[in-house]
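Here is start.tsv, consisting of TSV, C-alpha atoms and all ligand atoms:
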```
chain	number	residue	atom	x	y	z
A	181	MET	CA	-9.01	27.23	1.26
A	182	GLY	CA	-6.04	27.97	-1.00
A	183	GLU	CA	-5.47	26.27	-4.33
A	184	LEU	CA	-2.56	24.14	-3.10
A	185	GLU	CA	-4.54	22.94	-0.08
A	186	ARG	CA	-7.47	22.08	-2.35
A	187	ASP	CA	-5.18	20.17	-4.71
A	188	MET	CA	-3.62	18.23	-1.82
A	189	GLU	CA	-7.08	17.24	-0.59
A	190	ALA	CA	-8.24	16.23	-4.05
A	191	LEU	CA	-5.15	14.07	-4.61
A	192	ALA	CA	-5.58	12.33	-1.23
A	193	ALA	CA	-9.01	11.11	-2.37
A	194	PHE	CA	-7.35	8.74	-4.87
A	195	THR	CA	-6.70	5.85	-2.51
A	196	ASP	CA	-7.38	2.17	-1.99
A	197	ARG	CA	-9.27	1.08	1.14
A	198	GLY	CA	-8.01	1.57	4.70
A	199	ALA	CA	-6.68	4.45	6.75
A	200	GLY	CA	-4.45	7.11	5.24
A	201	VAL	CA	-3.50	7.02	1.56
A	202	THR	CA	-2.72	3.78	-0.31
A	203	ARG	CA	-1.64	4.50	-3.88
A	204	LEU	CA	0.90	1.88	-4.87
A	205	ALA	CA	3.10	1.90	-7.96
A	206	TRP	CA	1.25	0.87	-11.15
A	207	SER	CA	-2.09	0.59	-9.26
A	208	PRO	CA	-5.51	1.67	-10.56
A	209	GLU	CA	-5.61	4.33	-7.81
A	210	LEU	CA	-2.35	5.83	-9.08
A	211	ARG	CA	-3.67	5.72	-12.65
A	212	SER	CA	-6.80	7.65	-11.61
A	213	ALA	CA	-4.65	10.16	-9.73
A	214	TYR	CA	-2.48	10.62	-12.86
A	215	ASP	CA	-5.59	11.29	-14.97
A	216	TRP	CA	-6.73	13.95	-12.52
A	217	LEU	CA	-3.23	15.45	-12.23
A	218	ALA	CA	-2.85	15.54	-16.03
A	219	GLY	CA	-6.07	17.56	-16.18
A	220	ARG	CA	-4.81	20.01	-13.55
A	221	CYS	CA	-1.55	20.45	-15.50
A	222	ARG	CA	-3.38	21.00	-18.80
A	223	GLN	CA	-5.53	23.68	-17.16
A	224	LEU	CA	-2.26	25.58	-16.61
A	225	GLY	CA	-1.33	25.10	-20.28
A	226	LEU	CA	1.33	22.43	-19.71
A	227	ASP	CA	1.98	19.59	-22.19
A	228	VAL	CA	1.45	16.32	-20.39
A	229	GLU	CA	2.65	12.80	-21.13
A	230	VAL	CA	3.07	9.58	-19.17
A	231	ASP	CA	6.40	8.20	-20.32
A	232	ALA	CA	7.61	4.63	-20.90
A	233	ALA	CA	8.59	4.25	-17.22
A	234	GLY	CA	5.28	5.55	-15.88
A	235	ASN	CA	6.50	9.03	-15.01
A	236	LEU	CA	3.99	11.82	-15.49
A	237	LEU	CA	5.90	14.63	-17.16
A	238	ALA	CA	4.30	18.08	-17.57
A	239	ARG	CA	6.23	20.55	-19.68
A	240	TRP	CA	6.09	24.33	-19.89
A	241	ASP	CA	8.20	24.52	-23.02
A	242	THR	CA	9.26	28.10	-23.19
A	243	GLY	CA	12.57	29.83	-23.83
A	244	ARG	CA	15.53	27.66	-24.76
A	245	GLY	CA	18.17	25.49	-23.19
A	246	PRO	CA	18.04	22.76	-20.57
A	247	ALA	CA	14.88	22.60	-18.47
A	248	VAL	CA	14.52	23.33	-14.79
A	249	LEU	CA	12.80	20.20	-13.51
A	250	MET	CA	10.66	20.19	-10.37
A	251	GLY	CA	9.27	16.97	-9.02
A	252	SER	CA	8.81	14.15	-6.58
A	253	HIS	CA	6.43	11.16	-6.55
A	254	ILE	CA	2.76	10.47	-5.87
A	255	ASP	CA	2.99	6.74	-5.20
A	256	THR	CA	2.72	5.89	-1.50
A	257	VAL	CA	3.43	3.09	0.96
A	258	PRO	CA	0.35	1.13	2.13
A	259	GLN	CA	-1.72	3.32	4.48
A	260	GLY	CA	0.78	6.15	4.17
A	261	GLY	CA	0.33	9.88	4.49
A	262	ARG	CA	-0.99	12.49	2.09
A	263	PHE	CA	2.15	14.69	2.04
A	264	ASP	CA	5.15	12.41	1.35
A	265	GLY	CA	5.95	12.97	-2.33
A	266	ALA	CA	2.57	14.53	-3.07
A	267	LEU	CA	3.69	17.92	-1.78
A	268	GLY	CA	6.66	18.00	-4.15
A	269	VAL	CA	4.39	17.42	-7.16
A	270	MET	CA	1.41	19.57	-6.16
A	271	GLY	CA	3.81	22.20	-4.77
A	272	GLY	CA	5.60	22.19	-8.13
A	273	LEU	CA	2.30	22.73	-9.92
A	274	HIS	CA	1.54	25.55	-7.50
A	275	ALA	CA	4.96	27.02	-8.26
A	276	VAL	CA	4.04	27.13	-11.96
A	277	ARG	CA	0.84	28.95	-10.98
A	278	LEU	CA	2.84	31.45	-8.90
A	279	LEU	CA	5.38	32.06	-11.68
A	280	ARG	CA	2.48	32.92	-13.98
A	281	LYS	CA	0.94	35.17	-11.34
A	282	TRP	CA	4.24	36.96	-10.77
A	283	GLY	CA	4.59	37.49	-14.52
A	284	VAL	CA	7.83	35.52	-14.80
A	285	ALA	CA	8.69	34.83	-18.45
A	286	PRO	CA	11.10	31.87	-18.21
A	287	ARG	CA	14.15	31.93	-20.48
A	288	ARG	CA	14.35	28.15	-20.10
A	289	PRO	CA	11.72	25.38	-20.10
A	290	VAL	CA	10.13	24.60	-16.74
A	291	TRP	CA	9.12	20.97	-16.25
A	292	LEU	CA	7.26	19.10	-13.55
A	293	VAL	CA	7.49	15.36	-12.96
A	294	ALA	CA	5.78	12.75	-10.80
A	295	PHE	CA	8.25	9.85	-10.72
A	296	MET	CA	6.96	6.25	-10.75
A	297	ASP	CA	7.61	3.94	-7.81
A	298	GLU	CA	9.80	5.95	-5.50
A	299	GLU	CA	8.54	3.97	-2.52
A	300	ASN	CA	9.66	0.47	-3.49
A	301	THR	CA	6.63	-1.11	-1.82
A	302	ARG	CA	5.38	-3.45	-4.51
A	303	PHE	CA	8.08	-4.95	-6.75
A	304	ASN	CA	11.33	-4.11	-4.96
A	305	THR	CA	12.06	-1.71	-7.84
A	306	ALA	CA	12.87	1.42	-5.83
A	307	LEU	CA	13.12	4.69	-7.76
A	308	PHE	CA	12.13	2.94	-11.00
A	309	GLY	CA	10.87	6.14	-12.60
A	310	SER	CA	13.73	8.46	-11.73
A	311	ARG	CA	16.34	5.83	-12.56
A	312	SER	CA	14.75	5.23	-15.97
A	313	PHE	CA	14.49	8.99	-16.52
A	314	CYS	CA	18.24	9.22	-15.86
A	315	GLY	CA	19.05	6.43	-18.30
A	316	GLU	CA	19.90	3.62	-15.88
A	317	ASP	CA	19.50	0.14	-17.35
A	318	LEU	CA	16.73	-1.61	-15.40
A	319	GLY	CA	16.20	-4.46	-17.85
A	320	GLY	CA	15.14	-7.90	-16.67
A	321	LEU	CA	12.83	-6.77	-13.86
A	322	GLY	CA	9.59	-7.77	-15.60
A	323	ASP	CA	9.28	-11.10	-13.75
A	324	ARG	CA	9.34	-9.55	-10.29
A	325	ARG	CA	6.10	-10.27	-8.42
A	326	ASP	CA	4.13	-8.30	-5.87
A	327	ALA	CA	2.52	-9.88	-2.77
A	328	ASP	CA	-0.49	-10.97	-4.87
A	329	GLY	CA	1.67	-12.72	-7.47
A	330	VAL	CA	1.23	-10.03	-10.14
A	331	THR	CA	4.40	-9.48	-12.17
A	332	LEU	CA	5.82	-6.05	-12.95
A	333	ALA	CA	5.28	-6.83	-16.65
A	334	GLU	CA	1.58	-7.50	-15.99
A	335	ALA	CA	1.14	-4.40	-13.82
A	336	MET	CA	2.86	-2.23	-16.45
A	337	GLY	CA	0.88	-3.96	-19.19
A	338	ALA	CA	-2.34	-2.74	-17.56
A	339	TRP	CA	-0.99	0.78	-18.14
A	340	GLY	CA	-0.02	-0.05	-21.73
A	341	ARG	CA	3.66	-0.08	-20.81
A	342	ASP	CA	6.42	-2.68	-21.28
A	343	PRO	CA	9.28	-2.96	-18.75
A	344	GLU	CA	11.80	-3.71	-21.50
A	345	ARG	CA	11.05	-0.31	-23.07
A	346	HIS	CA	11.67	1.71	-19.89
A	347	GLY	CA	14.81	3.11	-21.53
A	348	GLU	CA	12.63	5.33	-23.74
A	349	ALA	CA	11.92	7.40	-20.61
A	350	ARG	CA	15.46	8.80	-20.63
A	351	ARG	CA	15.11	12.61	-20.65
A	352	ILE	CA	17.88	13.68	-18.28
A	353	ASP	CA	19.91	15.12	-21.17
A	354	ASP	CA	17.27	17.83	-21.59
A	355	VAL	CA	17.44	18.84	-17.91
A	356	GLY	CA	19.77	21.44	-16.43
A	357	HIS	CA	18.70	21.55	-12.76
A	358	TYR	CA	16.45	19.49	-10.48
A	359	LEU	CA	14.53	20.84	-7.47
A	360	GLU	CA	12.47	18.75	-5.06
A	361	LEU	CA	10.20	19.99	-2.29
A	362	HIS	CA	9.43	17.35	0.34
A	363	VAL	CA	8.18	16.95	3.89
A	364	GLU	CA	11.00	16.40	6.38
A	365	GLN	CA	9.75	13.02	7.72
A	366	GLY	CA	11.77	13.76	10.88
A	367	PRO	CA	11.51	16.08	13.90
A	368	SER	CA	14.41	18.52	13.44
A	369	LEU	CA	12.65	21.45	11.75
A	370	GLY	CA	9.69	21.34	14.12
A	371	ALA	CA	11.98	21.22	17.17
A	372	GLY	CA	13.95	24.23	15.96
A	373	GLY	CA	10.92	26.25	14.82
A	374	THR	CA	12.53	26.48	11.37
A	375	ASP	CA	10.38	27.00	8.25
A	376	ILE	CA	12.59	25.47	5.56
A	377	GLY	CA	15.27	22.80	5.67
A	378	VAL	CA	17.85	23.09	2.90
A	379	VAL	CA	19.28	19.66	2.19
A	380	THR	CA	23.08	19.58	1.88
A	381	SER	CA	23.34	15.85	1.26
A	382	ILE	CA	21.20	12.75	1.22
A	383	VAL	CA	22.79	10.24	3.54
A	384	GLY	CA	24.75	7.25	2.36
A	385	LEU	CA	24.09	3.95	4.05
A	386	VAL	CA	25.84	0.69	4.76
A	387	GLY	CA	24.13	-2.46	6.00
A	388	TYR	CA	25.57	-5.62	7.54
A	389	ARG	CA	24.34	-8.91	8.87
A	390	ALA	CA	26.68	-9.89	11.71
A	391	ARG	CA	26.96	-13.40	13.13
A	392	VAL	CA	28.59	-13.84	16.50
A	393	THR	CA	29.47	-17.39	17.53
A	394	GLY	CA	30.37	-18.52	21.05
A	395	GLN	CA	29.73	-21.76	22.87
A	396	THR	CA	26.32	-23.20	23.72
A	397	ASN	CA	26.50	-24.71	27.21
A	398	HIS	CA	24.62	-25.37	30.46
A	399	ALA	CA	23.51	-22.12	32.08
A	400	GLY	CA	23.95	-23.45	35.61
A	401	THR	CA	27.12	-25.52	35.57
A	402	THR	CA	29.39	-23.33	33.40
A	403	PRO	CA	31.39	-20.87	35.55
A	404	MET	CA	30.98	-17.23	34.50
A	405	ARG	CA	34.66	-16.78	33.65
A	406	LEU	CA	34.59	-19.73	31.21
A	407	ARG	CA	31.52	-18.67	29.23
A	408	ARG	CA	31.60	-17.62	25.61
A	409	ASP	CA	28.16	-15.99	25.52
A	410	ALA	CA	27.21	-14.80	22.02
A	411	LEU	CA	24.32	-12.65	23.25
A	412	ALA	CA	26.43	-10.88	25.87
A	413	GLY	CA	28.91	-10.05	23.09
A	414	ALA	CA	26.11	-8.92	20.78
A	415	ALA	CA	24.61	-6.75	23.53
A	416	ARG	CA	27.95	-5.01	24.06
A	417	SER	CA	28.18	-4.59	20.28
A	418	VAL	CA	24.76	-2.92	20.07
A	419	LEU	CA	25.81	-0.34	22.65
A	420	ALA	CA	29.21	0.18	21.02
A	421	ILE	CA	27.55	0.81	17.64
A	422	ARG	CA	25.23	3.35	19.25
A	423	ASP	CA	28.21	5.09	20.87
A	424	GLN	CA	30.02	5.26	17.53
A	425	ALA	CA	27.07	7.07	15.95
A	426	ARG	CA	26.55	9.35	18.96
A	427	ALA	CA	30.19	10.44	18.76
A	428	ARG	CA	29.72	11.77	15.20
A	429	GLU	CA	27.63	14.67	14.03
A	430	ASP	CA	24.71	13.72	11.75
A	431	ALA	CA	25.45	9.96	11.85
A	432	THR	CA	22.89	7.31	12.78
A	433	ALA	CA	23.26	3.62	13.56
A	434	ASN	CA	20.55	1.05	14.10
A	435	VAL	CA	20.42	-2.59	15.11
A	436	GLY	CA	16.90	-3.58	14.13
A	437	VAL	CA	16.89	-7.37	14.25
A	438	ILE	CA	18.57	-9.77	16.67
A	439	GLN	CA	18.23	-13.55	16.68
A	440	VAL	CA	19.49	-15.77	19.47
A	441	VAL	CA	20.29	-19.48	19.04
A	442	PRO	CA	19.22	-21.76	20.61
A	443	GLY	CA	17.03	-19.27	22.54
A	444	SER	CA	16.36	-21.04	25.80
A	445	SER	CA	16.34	-19.61	29.32
A	446	ASN	CA	18.72	-22.26	30.70
A	447	VAL	CA	21.17	-22.40	27.80
A	448	ILE	CA	24.08	-20.01	27.20
A	449	PRO	CA	23.44	-18.43	23.76
A	450	GLY	CA	25.85	-19.96	21.24
A	451	ILE	CA	24.99	-17.88	18.18
A	452	CYS	CA	23.62	-14.37	17.73
A	453	GLU	CA	22.77	-12.72	14.44
A	454	LEU	CA	22.10	-9.00	14.17
A	455	THR	CA	21.42	-6.46	11.42
A	456	ILE	CA	23.36	-3.20	11.38
A	457	ASP	CA	22.29	-0.05	9.48
A	458	LEU	CA	24.79	2.84	9.39
A	459	ARG	CA	24.09	6.24	7.81
A	460	ALA	CA	26.04	9.46	7.38
A	461	PRO	CA	25.76	12.44	5.01
A	462	SER	CA	29.40	12.50	3.84
A	463	ALA	CA	31.53	9.76	2.35
A	464	ALA	CA	34.29	10.47	4.88
A	465	GLY	CA	31.83	10.41	7.78
A	466	LEU	CA	30.32	7.14	6.59
A	467	ARG	CA	33.77	5.57	6.25
A	468	GLU	CA	34.74	6.69	9.78
A	469	LEU	CA	31.50	5.35	11.22
A	470	ASP	CA	31.88	2.11	9.30
A	471	ASP	CA	35.53	1.63	10.34
A	472	GLY	CA	34.80	2.60	13.94
A	473	CYS	CA	31.92	0.16	14.28
A	474	LEU	CA	33.79	-2.73	12.70
A	475	ALA	CA	36.84	-2.13	14.93
A	476	ALA	CA	34.60	-2.05	18.02
A	477	LEU	CA	32.84	-5.27	16.99
A	478	ARG	CA	36.16	-7.05	16.45
A	479	ALA	CA	37.56	-5.84	19.78
A	480	ILE	CA	34.46	-7.02	21.65
A	481	ALA	CA	34.52	-10.41	19.90
A	482	GLY	CA	38.18	-10.81	20.93
A	483	GLU	CA	37.51	-9.87	24.56
A	484	GLU	CA	34.51	-12.20	24.78
A	485	GLY	CA	36.17	-15.15	23.03
A	486	LEU	CA	33.69	-15.04	20.14
A	487	VAL	CA	33.99	-15.52	16.39
A	488	LEU	CA	32.64	-12.61	14.35
A	489	GLU	CA	31.45	-13.00	10.74
A	490	LEU	CA	30.19	-10.00	8.77
A	491	ALA	CA	28.24	-9.94	5.49
A	492	GLU	CA	27.61	-6.61	3.78
A	493	THR	CA	23.94	-6.39	2.71
A	494	TYR	CA	23.88	-2.96	1.08
A	495	ARG	CA	26.09	0.07	0.41
A	496	VAL	CA	24.80	3.32	-1.09
A	497	PRO	CA	27.10	6.35	-1.25
A	498	PRO	CA	25.90	9.75	0.03
A	499	ALA	CA	24.41	12.08	-2.59
A	500	PRO	CA	25.63	15.64	-2.07
A	501	MET	CA	23.21	18.33	-3.23
A	502	SER	CA	24.52	21.17	-5.39
A	503	GLY	CA	26.19	23.93	-3.37
A	504	GLU	CA	24.92	26.47	-5.89
A	505	LEU	CA	21.34	25.32	-5.33
A	506	VAL	CA	21.74	25.28	-1.53
A	507	GLU	CA	22.59	29.00	-1.70
A	508	LEU	CA	19.85	29.65	-4.23
A	509	ILE	CA	17.21	28.02	-2.00
A	510	GLU	CA	18.47	30.00	1.01
A	511	GLY	CA	18.12	33.18	-1.03
A	512	ALA	CA	14.63	32.15	-2.12
A	513	ALA	CA	13.65	31.52	1.52
A	514	ALA	CA	14.95	34.97	2.48
A	515	ILE	CA	12.76	36.62	-0.19
A	516	GLU	CA	9.73	34.91	1.38
A	517	GLY	CA	10.83	35.88	4.91
A	518	ALA	CA	11.19	32.21	5.82
A	519	SER	CA	13.79	30.93	8.26
A	520	ALA	CA	16.05	28.27	6.77
A	521	ALA	CA	18.59	25.79	8.11
A	522	ARG	CA	20.98	23.49	6.29
A	523	MET	CA	20.57	19.81	7.10
A	524	PRO	CA	21.23	16.35	5.72
A	525	SER	CA	18.34	14.13	4.69
A	526	GLY	CA	18.29	10.79	6.47
A	527	ALA	CA	15.66	9.44	4.05
A	528	GLY	CA	16.24	8.55	0.40
A	529	HIS	CA	14.52	10.54	-2.38
A	530	ASP	CA	14.36	10.78	-6.18
A	531	ALA	CA	16.80	13.71	-5.83
A	532	MET	CA	19.61	11.31	-4.96
A	533	VAL	CA	19.22	9.66	-8.38
A	534	LEU	CA	19.05	13.00	-10.23
A	535	ALA	CA	22.03	14.39	-8.25
A	536	ALA	CA	24.39	11.98	-10.02
A	537	HIS	CA	23.53	13.65	-13.36
A	538	VAL	CA	22.58	17.31	-12.84
A	539	PRO	CA	22.85	19.88	-10.04
A	540	ALA	CA	20.06	18.89	-7.64
A	541	GLY	CA	18.55	20.75	-4.70
A	542	MET	CA	16.00	19.79	-2.04
A	543	LEU	CA	13.96	21.85	0.37
A	544	LEU	CA	12.05	20.40	3.29
A	545	VAL	CA	9.08	21.65	5.29
A	546	PRO	CA	8.26	20.45	8.83
A	547	SER	CA	6.46	17.18	9.55
A	548	ARG	CA	4.30	17.36	12.68
A	549	ASP	CA	6.02	15.30	15.41
A	550	GLY	CA	8.39	13.98	12.73
A	551	VAL	CA	5.80	11.37	11.69
A	552	SER	CA	5.75	9.97	8.12
A	553	HIS	CA	4.69	6.81	6.24
A	554	SER	CA	1.60	6.98	8.46
A	555	PRO	CA	-1.97	8.30	8.23
A	556	ASP	CA	-0.89	10.77	10.97
A	557	GLU	CA	1.59	12.51	8.65
A	558	TYR	CA	0.76	16.23	8.72
A	559	THR	CA	2.14	19.52	7.46
A	560	SER	CA	-0.07	22.60	7.83
A	561	PRO	CA	-1.52	24.36	4.76
A	562	SER	CA	0.55	27.47	5.51
A	563	GLN	CA	3.76	25.42	5.78
A	564	CYS	CA	2.97	23.69	2.46
A	565	GLU	CA	2.20	27.05	0.85
A	566	LEU	CA	5.46	28.55	2.11
A	567	GLY	CA	7.44	25.57	0.77
A	568	ALA	CA	5.85	25.97	-2.67
A	569	ARG	CA	6.51	29.73	-2.66
A	570	VAL	CA	10.20	29.21	-1.82
A	571	LEU	CA	10.37	26.56	-4.57
A	572	ALA	CA	8.82	29.02	-7.03
A	573	ARG	CA	11.31	31.75	-6.01
A	574	ALA	CA	14.19	29.32	-6.58
A	575	VAL	CA	12.87	28.37	-10.02
A	576	ALA	CA	12.32	32.03	-10.87
A	577	ALA	CA	15.96	32.75	-10.02
A	578	LEU	CA	17.12	29.92	-12.30
A	579	VAL	CA	15.02	30.89	-15.32
A	580	SER	CA	15.26	34.69	-15.15
B	601	ZN	ZN	8.89	10.69	-0.61
```
Can you turn what I pasted into C-alpha cells?
Amino acid sequence: MGELERDMEALAAFTDRGAGVTRLAWSPELRSAYDWLAGRCRQLGLDVEVDAAGNLLARWDTGRGPAVLMGSHIDTVPQGGRFDGALGVMGGLHAVRLLRKWGVAPRRPVWLVAFMDEENTRFNTALFGSRSFCGEDLGGLGDRRDADGVTLAEAMGAWGRDPERHGEARRIDDVGHYLELHVEQGPSLGAGGTDIGVVTSIVGLVGYRARVTGQTNHAGTTPMRLRRDALAGAARSVLAIRDQARAREDATANVGVIQVVPGSSNVIPGICELTIDLRAPSAAGLRELDDGCLAALRAIAGEEGLVLELAETYRVPPAPMSGELVELIEGAAAIEGASAARMPSGAGHDAMVLAAHVPAGMLLVPSRDGVSHSPDEYTSPSQCELGARVLARAVAALVS
C-alpha cells in the first residue's frame, strides 16, 4: 500500500457512528483528525497551526515571495464519503513528499490548508474557513444553531476559538496561487476514460421559487377549455425549463420541489409552487439560461391563463479558474502521461472563494459511477496517486 492510500485510510477512521464518514465542522471527530494530520505534516517538517477560523494551515516556509497554497477540506456531510475534500488535503501532503523526493528546492513558500466547514452541514455557514482566510466579514454568526441546539459560538468555544475573531485567519495576502485537487463527484471523467479533469470554471447558480395561480374548481363540471389548471401550467414549465438547459452546452436546470394546492383528485389545482435551480459555467451562459427560462415560464402562464410570481432565492456568479493554471495543470498531466480534459465543475468548492482573490486552479480525478456525498464514493488508489502527482508537478512548475 502506498503512502497516500495509507493516509486516506487513516483519515477515514476519524468518524462518528454510522456508515461512511461523518466528520462535521467543529466536531470532536474533526478535532481528532486535525491532531493526526498535524502530526503527519510535522513529520514532513512543516510548521502547523490551526487558525482563528479553524483552518489547519501547514507551511513549508522556504524561498521568498507569495506562497503556492494547496488545499481543500476534511469536514464531511453526515455519512459521506472518504474522498470528497480529503483527497485534496492528503494529496497535497503527498505532493510535498514528492517534491522532496524529486529534490525540488522551492523558490517560494509552499503551503497546505484544510479549510473549516466547506460542507455547510451544521450551521449554514458554508465555506466558513476559506471565506475567513480570504478576509470576508462573517461577523454575527455566533448564534446560529445546529440540529442539536448547539450554537456556533459554543462549538467554536470547544476548540478554543471565538467566532468574532475569525478575521484573524486572513492570510490571503501572503498567497500567490491556489491549487485544489478534488474528486469529480460526477460521471464525466469515468465515461470518457479520462484521467484528469482540468476545471475551467465553477458554475454559477440562480434559484427561484415560482408560484403559479389558476382557478380551483370542480374537476367534473368545468369544461376543459375553461380550466385554469395551475399544475398543468407548472408541468409544461418543468419541461420547458429542461429544454432550455438541454439546448445549452454545460448548463443544468432542476425543479426539485413541487407543491399542489389544494391537492385533491377531484379538484382542479388552483396553486402550484415549484423550486427552480439553474447552473452554468459562464456569466453569459447563466444569463441566457435565466432569461430563456423566465421567458418560457411567462409565455406558458399567458397561454394557460395563469398568474406567475417569481421570488429569487439565491444567485452566485460563476468562478472562472485561472487560464494560466489551466495550461499549467495540462502540462503537469502531460509530464505524468495522464490524459486530461477541460471541464466546468457543477459543484461548489473552496476554490471558488479563493478565485476571487488569487489565480486559482482545480484538477479532478474520476468518481466511480459519479457517486459522492455517500459511503459508496470511490476513487481508486492509482487514480488518487496520479492526481497527487499531477498536483505536485503543477506546484513544482510554479516554484521552480
Ligand atoms: Zn469537497
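Closest approach to Cys221 in chain A from the set A:Leu490, A:Ala427, A:Leu292, A:Val447 is made by A:Leu292, with distances taken over all atoms listed in the file.
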Residues within 8 Å of ligand ZN 601 (chain B) should be enumerated using all atoms listed in the file and returned as a PDB file with C-alpha atoms, in the frame of the given file.
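part-v3.pdb, freshly written:
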```pdb
ATOM      1  CA  SER A 252       8.810  14.150  -6.580  1.00  0.00           C
ATOM      2  CA  HIS A 253       6.430  11.160  -6.550  1.00  0.00           C
ATOM      3  CA  THR A 256       2.720   5.890  -1.500  1.00  0.00           C
ATOM      4  CA  ASP A 264       5.150  12.410   1.350  1.00  0.00           C
ATOM      5  CA  GLY A 265       5.950  12.970  -2.330  1.00  0.00           C
ATOM      6  CA  ALA A 266       2.570  14.530  -3.070  1.00  0.00           C
ATOM      7  CA  GLU A 298       9.800   5.950  -5.500  1.00  0.00           C
ATOM      8  CA  GLU A 299       8.540   3.970  -2.520  1.00  0.00           C
ATOM      9  CA  HIS A 362       9.430  17.350   0.340  1.00  0.00           C
ATOM     10  CA  VAL A 363       8.180  16.950   3.890  1.00  0.00           C
ATOM     11  CA  GLY A 528      16.240   8.550   0.400  1.00  0.00           C
ATOM     12  CA  HIS A 529      14.520  10.540  -2.380  1.00  0.00           C
ATOM     13  CA  ASP A 530      14.360  10.780  -6.180  1.00  0.00           C
TER      14      ASP A 530
END
```
With all atoms listed in the file as the counted atoms, please give the residues lying no more than 7 Å from range 470-477 of chain A, apart from itself and same-chain residues fewer than 4 positions off, as a list in words. Ser417, Ala420, Ile421, Gln424, Leu466 and Ala481 of chain A
State, in Å with one decimal place, the distance from CA of Phe194 in chain A to CA of Glu209 in chain A. 5.6 Å
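We find CA of Gly225 in chain A and CA of Trp206 in chain A to be spaced 26.0 Å apart.
Among the candidates A:Ala399, A:Met181, A:Val570, A:Val545, the residue lying nearest to Ser445 in chain A is A:Ala399 (atoms considered: all atoms listed in the file).
Separating CA of Tyr388 in chain A from CA of Thr455 in chain A is a distance of 5.7 Å.
For range 368-378 of chain A, the non-local neighbours within 9 Å, defined as residues at least 4 positions apart in the same chain or in other chains and counting all atoms listed in the file, are A:Glu364, A:Val506, A:Glu507, A:Ile509, A:Glu510, A:Ala513, A:Ala518, A:Ser519, A:Ala520, A:Ala521, A:Arg522, A:Met523, A:Pro524, A:Gly541, A:Met542, A:Leu543, A:Leu544, A:Val545, A:Pro546, A:Ser547, A:Arg548, A:Asp549, A:Gly550, A:Gln563, A:Leu566, A:Gly567, A:Val570.
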Using only C-alpha atoms, give me every residue within 10 Å of (-0.3, 6.4, 4.4) in file coordinates, as a compact mmCIF listing (two decimals) with C-alpha atoms, in the coordinates of the input.
```txt
# COMPACT_ATOMS: atom_id res chain seq x y z
CA ALA A 192 -5.58 12.33 -1.23
CA THR A 195 -6.70 5.85 -2.51
CA GLY A 198 -8.01 1.57 4.70
CA ALA A 199 -6.68 4.45 6.75
CA GLY A 200 -4.45 7.11 5.24
CA VAL A 201 -3.50 7.02 1.56
CA THR A 202 -2.72 3.78 -0.31
CA ARG A 203 -1.64 4.50 -3.88
CA THR A 256 2.72 5.89 -1.50
CA VAL A 257 3.43 3.09 0.96
CA PRO A 258 0.35 1.13 2.13
CA GLN A 259 -1.72 3.32 4.48
CA GLY A 260 0.78 6.15 4.17
CA GLY A 261 0.33 9.88 4.49
CA ARG A 262 -0.99 12.49 2.09
CA PHE A 263 2.15 14.69 2.04
CA ASP A 264 5.15 12.41 1.35
CA SER A 552 5.75 9.97 8.12
CA HIS A 553 4.69 6.81 6.24
CA SER A 554 1.60 6.98 8.46
CA PRO A 555 -1.97 8.30 8.23
CA ASP A 556 -0.89 10.77 10.97
CA GLU A 557 1.59 12.51 8.65
```
For Leu321 in chain A, which residue among A:Leu454, A:Glu344, A:Asp430, A:Asn300 is the nearest when counting all atoms listed in the file? A:Glu344
